[in-house]
Amino acid sequence: MKTTMNAVISTGYGTANVLKYTITEKPKPAPNEVLIQVHATAVTAAHTAMRTGYPLFGRLFMGVFKPKNQISGTDFAGEIVALGADVTKFSVGEKVFGSTDLEGGSYAEFLTLSEDLVLLKKPRNLSFAQATAIIDGATTAYPFLVNHGSIKKGDNVLIIGGSGSIGTASIQLAKNFGAEVTAVTSTQNIGMVKSIGADFVIDYTQEDFTKNELTYDIIFDTVGVSSFSRVKKLLSPSGVYLSPVLGLRMFVEMIKTSVKKGKKAIFDATGLRKNNDKLADFKLIKELLEQGKLSPVIDRTYQLPQLSEAHRYVEKGHKKGNVVIDITGEAHS
């Protein structure tokens, strides 16, 4: 049996040049782990940030001076090829999808993961590429909209960065909850965000969305390009400004609004939540995928040796939905 595998490693933080395609040791599953042949993984803005080691607080979890895990990557879809001695929830041959979060490991031909973590059978109606593409966006958007936004039917929602991985998932999830959705995006992406459910679109290259007369119950800045102070006037009296990007301004605004009634600024590192909470959300997301109420949006597909190129493309900030890495050549099957 093959004892090595192809993988991309990074021994330090930095530009996309730190990602090196190499041959390394194939992992072996612990008693409670499964060994997964990875067919597809993804690259998101969050992954590029993790590669750089910024914001710095993230290094408390990933490694202060260099990555604790040389193989990064979090989202994956693949097939179980071996089981640890104590595994009871999965079988060899099952097609699965999931996330390793800060443990990394998906930028490789094989990875190991505890059967109790964020791991489920892959929806039959999705390819490996589609299954991995939706993970980051949906698992980030869902807790923001539900737990922090308390989204409900009839809410008016503004999604900044509507064409990215979190944005495309947010539009669809918000519509599923019965909200009215306005997406902020560029001219070239107007048709796409409308096709996945946006009721209204603001083209930020043509107009300043902060100058309209409407108010929103939820403003979800999926890319961290705005601020609470800038959009405060657009929020309803009890509205919330949500962002997965934590900078100094966001930190200060979050502290200030937390001690006052009314409008709030809220950040959450969703990948650091309790595993039971993440898995519960993931099961609900899977149901929506199987029902066709949530659809992945894929911009480009790269091969594993092209991972650095994929990171550079994502860092340009213009991707439409998700970028997928096809590891086996079977990602779209």
# chains A, B, ... in the order shown; residues from 1 in each chain; ligands from 1
call {"tool": "select_by_dssp", "arguments": {"residues": "stretch 124-214 of chain A", "states": "strand (DSSP E or B)", "output": "list in words"}}
result
Asn156, Val157, Leu158, Ile159, Ile160, Glu180, Val181, Thr182, Ala183, Val184, Thr185, Phe200, Val201, Ile202 and Asp203 of chain A
call {"tool": "residues_around", "arguments": {"residues": "A:Thr22", "least_positions_apart": "6", "cutoff": "7 Å", "atoms": "only C-alpha atoms", "output": "list in words"}}
result
Asn6, Ala7 and Val8 of chain A
call {"tool": "residues_around", "arguments": {"residues": "stretch 32-47 of chain A", "least_positions_apart": "2", "cutoff": "8 Å", "atoms": "only C-alpha atoms", "output": "MDAnalysis selection string"}}
result
chainID A and resid 27:30 49:51 73:87 90 106:115 128:129 132:133 136 165 310:311 314:315 317 322:331
call {"tool": "select_by_dssp", "arguments": {"residues": "stretch 66-285 of chain A", "states": "helix (DSSP H, G or I)", "output": "MDAnalysis selection string"}}
result
chainID A and resid 101:103 128:148 165:176 187:195 209:211 228:234 248:258 270:272 275:285
call {"tool": "closest_residue", "arguments": {"among": "A:Leu284, A:Ala138, A:Leu102, A:Leu56", "to": "A:Ala169", "atoms": "only C-alpha atoms"}}
result
A:Ala138
call {"tool": "closest_residue", "arguments": {"among": "A:Val231, A:Lys278, A:Asp217, A:Ile9", "to": "A:Ser150", "atoms": "only C-alpha atoms"}}
result
A:Asp217
call {"tool": "closest_residue", "arguments": {"among": "A:Ser295, A:Thr215, A:Thr270, A:Thr4", "to": "A:Asn176", "atoms": "only C-alpha atoms"}}
result
A:Ser295
call {"tool": "residues_around", "arguments": {"residues": "A:Val193", "least_positions_apart": "2", "cutoff": "9 Å", "atoms": "only C-alpha atoms", "output": "PyMOL selection string"}}
result
chain A and resi 162-163+167-168+171+183+185+189-191+195-199+201
call {"tool": "write_last_selection", "arguments": {"atoms": "C-alpha atoms", "output": "PDB file, in the first residue's frame"}}
result
ATOM      1  CA  GLY A 162     -22.703  39.491  -2.488  1.00  0.00           C
ATOM      2  CA  SER A 163     -20.652  37.674  -5.118  1.00  0.00           C
ATOM      3  CA  GLY A 167     -22.047  36.407  -0.006  1.00  0.00           C
ATOM      4  CA  THR A 168     -23.511  33.873  -2.425  1.00  0.00           C
ATOM      5  CA  ILE A 171     -28.159  35.547  -0.324  1.00  0.00           C
ATOM      6  CA  ALA A 183     -26.770  42.591  -2.566  1.00  0.00           C
ATOM      7  CA  THR A 185     -21.552  43.848  -5.858  1.00  0.00           C
ATOM      8  CA  ASN A 189     -21.743  40.154 -11.024  1.00  0.00           C
ATOM      9  CA  ILE A 190     -25.228  41.687 -11.078  1.00  0.00           C
ATOM     10  CA  GLY A 191     -26.738  38.908 -13.173  1.00  0.00           C
ATOM     11  CA  SER A 195     -29.932  34.465 -10.414  1.00  0.00           C
ATOM     12  CA  ILE A 196     -29.384  33.086  -6.896  1.00  0.00           C
ATOM     13  CA  GLY A 197     -32.130  35.175  -5.320  1.00  0.00           C
ATOM     14  CA  ALA A 198     -31.126  38.785  -4.688  1.00  0.00           C
ATOM     15  CA  ASP A 199     -34.226  40.972  -4.898  1.00  0.00           C
ATOM     16  CA  VAL A 201     -28.655  44.857  -6.416  1.00  0.00           C
TER      17      VAL A 201
END
call {"tool": "atom_distance", "arguments": {"atom1": "atom CA of A:Asp221", "atom2": "atom CA of A:Leu242"}}
result
6.0 Å
call {"tool": "residues_around", "arguments": {"residues": "A:Tyr13", "least_positions_apart": "4", "cutoff": "10 Å", "atoms": "only C-alpha atoms", "output": "list in words"}}
result
Asn17, Val18, Leu19, Ala49, Met50, Arg51, Thr52, Gly53, Tyr54, Arg59, Gly63, Val64, Phe65, Lys66 and Pro67 of chain A
call {"tool": "write_last_selection", "arguments": {"atoms": "N, CA and C atoms", "output": "tab-separated table (two decimals), in the first residue's frame"}}
result
chain	number	residue	atom	x	y	z
A	17	ASN	N	3.95	32.31	-2.25
A	17	ASN	CA	5.19	31.59	-2.53
A	17	ASN	C	5.58	30.61	-1.43
A	18	VAL	N	4.99	30.74	-0.24
A	18	VAL	CA	5.33	29.81	0.85
A	18	VAL	C	4.70	28.45	0.63
A	19	LEU	N	3.74	28.36	-0.29
A	19	LEU	CA	3.06	27.09	-0.57
A	19	LEU	C	3.92	26.25	-1.51
A	49	ALA	N	-5.88	34.46	4.22
A	49	ALA	CA	-5.52	35.19	5.43
A	49	ALA	C	-4.78	34.27	6.41
A	50	MET	N	-5.24	33.03	6.53
A	50	MET	CA	-4.56	32.07	7.40
A	50	MET	C	-3.14	31.82	6.94
A	51	ARG	N	-2.93	31.82	5.64
A	51	ARG	CA	-1.58	31.61	5.09
A	51	ARG	C	-0.64	32.75	5.46
A	52	THR	N	-1.16	33.98	5.50
A	52	THR	CA	-0.32	35.13	5.84
A	52	THR	C	-0.08	35.27	7.33
A	53	GLY	N	-0.94	34.65	8.13
A	53	GLY	CA	-0.81	34.78	9.58
A	53	GLY	C	-1.43	36.04	10.13
A	54	TYR	N	-2.30	36.68	9.33
A	54	TYR	CA	-2.97	37.90	9.77
A	54	TYR	C	-4.48	37.73	9.65
A	59	ARG	N	-2.87	33.58	15.10
A	59	ARG	CA	-1.67	32.77	15.35
A	59	ARG	C	-1.73	32.08	16.72
A	63	GLY	N	-0.41	28.78	15.38
A	63	GLY	CA	1.04	28.75	15.58
A	63	GLY	C	1.56	30.17	15.59
A	64	VAL	N	2.32	30.54	16.61
A	64	VAL	CA	2.73	31.93	16.79
A	64	VAL	C	3.72	32.38	15.73
A	65	PHE	N	4.78	31.57	15.51
A	65	PHE	CA	5.84	31.98	14.59
A	65	PHE	C	5.76	31.29	13.23
A	66	LYS	N	5.15	30.12	13.21
A	66	LYS	CA	4.96	29.38	11.96
A	66	LYS	C	3.77	28.44	12.14
A	67	PRO	N	3.18	27.98	11.05
A	67	PRO	CA	2.01	27.09	11.17
A	67	PRO	C	2.34	25.81	11.93
call {"tool": "atom_distance", "arguments": {"atom1": "atom CA of A:Leu279", "atom2": "atom CA of A:Gly154"}}
result
27.6 Å
call {"tool": "closest_residue", "arguments": {"among": "A:Lys286, A:Lys211, A:Lys152, A:Lys2", "to": "A:Val96", "atoms": "only C-alpha atoms"}}
result
A:Lys286
call {"tool": "closest_residue", "arguments": {"among": "A:Thr187, A:Ala174, A:Leu246, A:Asn69", "to": "A:Phe57", "atoms": "only C-alpha atoms"}}
result
A:Leu246
call {"tool": "closest_atom_pairs", "arguments": {"of": "stretch 50-160 of chain A", "to": "stretch 290-294 of chain A", "cutoff": "8 Å", "atoms": "only C-alpha atoms", "output": "CSV"}}
result
residue,atom,partner,partner_atom,distance
A:Pro123,CA,A:Glu290,CA,5.9
A:Arg124,CA,A:Glu290,CA,7.6
A:Asn125,CA,A:Glu290,CA,6.6
call {"tool": "atom_distance", "arguments": {"atom1": "atom CA of A:Leu173", "atom2": "atom CA of A:Ser258"}}
result
25.9 Å
call {"tool": "closest_residue", "arguments": {"among": "A:Met5, A:Ile202, A:Asp268, A:Lys20", "to": "A:Ser72", "atoms": "only C-alpha atoms"}}
result
A:Lys20
call {"tool": "residues_around", "arguments": {"residues": "A:Gly224", "least_positions_apart": "4", "cutoff": "8 Å", "atoms": "only C-alpha atoms", "output": "NGL selection string"}}
result
:A and (243-246)
call {"tool": "residues_around", "arguments": {"residues": "A:Leu272", "least_positions_apart": "6", "cutoff": "12 Å", "atoms": "only C-alpha atoms", "output": "NGL selection string"}}
result
:A and (58 or 60-62 or 100-103 or 139-140 or 143 or 278)
